[in-house]
Amino acid sequence: MSATAARITAVDTYDIRFPTSRELDGSDAMNPDPDYSAAYVVLRTSDGGHEGHGFTFTIGRGNDVQVAAIDALRPHVLGRPVAELCADPGSLYRDLIGDSQLRWLGPEKGVMHMAIGAVVNAAWDLAAKHQGKPLWQLLADAEPEWLVSQVDFRYIADALDPAQALELLRRGKEGAPERAAELLRGGYPAYTTSPGWLGYSDEKLTRLAKAAVADGFTQIKLKVGADLDDDIRRCRAARAAVGPDIRMAIDANQRWNVADAIEWTNALAEFDPYWIEEPTSPDDVLGHASVRRGVHPVKVATGEHVQNRVVFKQLLQAGAIDVLQLDSARVGGVNENLAILLLAAKFGVPVCPHAGGVGLCELVQHLSMFDYVALTGTTEDRVIEFVDHLHEHFLDPVVITGGHYRAPTTPGFSAAMHQSSLDTYHYPHGTFWAAEPTRTAEEARA
């Protein structure tokens with residue numbers, strides 16, 4: 001069968017879960033015992049050639065619900081011509097967003113929207129492989145007009161219209177080859193959350209914070225929000241470990257009411273926090289604006305749980321955030337993240353993506369690298385989160401050198417996991433989980 005005649009013949013899904021709760025990796029004030037998980041999807045083709053891999057991230061129970069949501073999208077994907085899909089991934093995005101019955105379950109938010117993001121990201125992975133380029137390079141090399149055609153401007157045109165987006169992208173093309181070469185030489189700045197999980201002892205926090213500085217990171221992040229006295233003690237230990245010149249962000253993971261966020265952040269101000277992340281509900285635009293006024297000069301960052309481009313638009317219009325933290329798997333995939341990157345560029349707000357989890361570092365590096373090479377042209381005050389968890393399960397894992405992400409060179413979106421990892425951690429019948437002793441429902445909840 002010729003490549004031009006190839007079609008999508010299978011949409012395979014996997015419920016992948018890792019037992020990270022046992023070491024309290026990923027623990028924070030709102031999520032004390034996460035089992036990092038991925039609702040994973042593979043698009044297979046009739047010619048047996050390239051596959052498209054994608055996923056969305058959860059933290060354990062409910063991952064099966066997320067997989068079921070991806071399964072519900074299968075009829076929209078099966079039979080699509082591969083060449084047409086790769087030439088216009090936005091066609092799939094528009095069809096999935098436009099399904100009126102599925103849309104009623106959102107619209108453009110929650111489990112169904114994350115499922116759409118997983119499938120759309122898998123389509124972009126396939127497209128990048130067909131072009132023989134890593135995704136960041138596919139986007140950076142693309143013509144501005146084509147990139148604009150991939151963006152859904154519905155609901156955001158009052159803040160960013162197609163003409164404005166085109167102008168931003170045309171300006172971003174100036175000097176792009178030189179920046180791409182610099183990216184390949186030096187990488188993209190990173191910061192690390194690895195020392196700061198809430199369940200870690202002070203000794204472990206101090207040891208990992210010192211190691212992060214030795215490894216070249218110029219920013220770390222600590223989880224806060226469960227107990228103020230504990231946070232003061234932990235921030236003091238971290239600041240002593242890294243010294244006065246390393247940026248130290250703090251992250252409340254939506255724990256507080258607005259007044260509490262202001263009071264708590266100001267109580268930690270003596271430790272010079274660079275930003276307070278997710279101080280309150282991600283849906284509370286005006287609440288974030290109040291927090292920003294109340295904690296200045298500490299910056300306000302959010303975005304990990306912001307559900308779509310519309311809420312990001314409002315956060316920017318309201319002057320509610322200093323740092324925008326897009327997530328590669330929370331919204332509707334690359335297409336919607338292009339809209340969010342363009343909005344941030346329009347408002348002059350730096351993007352410092354959320355990462356960690358299962359594979360989020362692998363995905364989001366591509367978006368920031370495109371932003372640098374062919375949109376904003378800068379890495380000033382921009383860093384990508386790095387957490388040293390679970391990268392060994394990916395065929396093309398992130399590489400960190402001197403506190404910088406090395407630019408991927410393998411074609412695709414860096415989303416593919418080893419088959420052995422899928423076989424081992426597929427829940428509940430993978431070899432790891434099948435070997436686990438049966439637990440009662442009460443034990444599982446404990």
# chains A, B, ... in the order shown; residues from 1 in each chain; ligands from 1
>>> select_by_dssp(residues="segment 242-358 of chain A", states="strand (DSSP E or B)", output="VMD selection string")
chain A and resid 247 to 251 273 to 277 299 to 302 323 to 324 351
>>> closest_atom_pairs(of="segment 25-92 of chain A", to="segment 412-424 of chain A", cutoff="9 Å", atoms="only C-alpha atoms", output="tab-separated table")
residue	atom	partner	partner_atom	distance
A:Val42	CA	A:Ala416	CA	8.6
A:Gly52	CA	A:Ala416	CA	8.1
A:His53	CA	A:Ala416	CA	5.4
A:Gly54	CA	A:Ala415	CA	5.8
A:Phe55	CA	A:Ala415	CA	7.7
>>> write_last_selection(atoms="C-alpha atoms", output="mmCIF file, in the first residue's frame")
data_model
loop_
_atom_site.group_PDB
_atom_site.id
_atom_site.type_symbol
_atom_site.label_atom_id
_atom_site.label_comp_id
_atom_site.auth_asym_id
_atom_site.auth_seq_id
_atom_site.Cartn_x
_atom_site.Cartn_y
_atom_site.Cartn_z
ATOM 1 C CA VAL A 42 -1.309 4.834 20.013
ATOM 2 C CA GLY A 52 1.378 8.386 16.662
ATOM 3 C CA HIS A 53 1.784 8.292 20.441
ATOM 4 C CA GLY A 54 0.035 10.535 22.952
ATOM 5 C CA PHE A 55 -1.237 10.566 26.515
#
>>> closest_atom_pairs(of="segment 202-266 of chain A", to="segment 340-356 of chain A", cutoff="12 Å", atoms="only C-alpha atoms", output="JSON lines")
{"residue": "A:Gln219", "atom": "CA", "partner": "A:Cys352", "partner_atom": "CA", "distance": 11.9}
{"residue": "A:Lys221", "atom": "CA", "partner": "A:His354", "partner_atom": "CA", "distance": 11.7}
{"residue": "A:Ala249", "atom": "CA", "partner": "A:Cys352", "partner_atom": "CA", "distance": 11.8}
{"residue": "A:Asp251", "atom": "CA", "partner": "A:His354", "partner_atom": "CA", "distance": 11.4}
{"residue": "A:Asn253", "atom": "CA", "partner": "A:His354", "partner_atom": "CA", "distance": 11.8}
>>> closest_atom_pairs(of="segment 236-326 of chain A", to="segment 151-172 of chain A", cutoff="8 Å", atoms="only C-alpha atoms", output="JSON lines")
{"residue": "A:Arg309", "atom": "CA", "partner": "A:Ile156", "partner_atom": "CA", "distance": 7.5}
{"residue": "A:Val310", "atom": "CA", "partner": "A:Ile156", "partner_atom": "CA", "distance": 6.3}
{"residue": "A:Lys313", "atom": "CA", "partner": "A:Ile156", "partner_atom": "CA", "distance": 6.6}
{"residue": "A:Gln317", "atom": "CA", "partner": "A:Ala159", "partner_atom": "CA", "distance": 7.6}
>>> residues_around(residues="Pro282 of chain A", least_positions_apart="2", cutoff="9 Å", atoms="only C-alpha atoms", output="list in words")
Gln254, Glu278, Pro279, Thr280, Asp284, Val285, His288, Thr302, Gly303, Glu304, His305, Val306, Gln307 and Val311 of chain A
>>> residues_around(residues="Phe57 of chain A", least_positions_apart="5", cutoff="9 Å", atoms="only C-alpha atoms", output="CSV table (one decimal) with C-alpha atoms, in the first residue's frame")
chain,number,residue,atom,x,y,z
A,36,TYR,CA,1.7,9.0,38.6
A,37,SER,CA,-0.4,7.6,35.7
A,38,ALA,CA,-0.9,8.1,32.0
A,39,ALA,CA,-4.0,7.4,29.8
A,40,TYR,CA,-2.0,6.4,26.8
A,63,ASN,CA,-7.2,6.9,35.1
A,114,MET,CA,-8.0,16.1,28.1
A,329,ALA,CA,-1.8,17.5,28.3
A,330,ARG,CA,-4.4,19.5,30.2
A,357,GLY,CA,4.4,13.7,36.0
A,358,VAL,CA,4.5,11.0,33.4
A,359,GLY,CA,6.1,12.3,30.2
A,360,LEU,CA,5.1,15.9,30.6
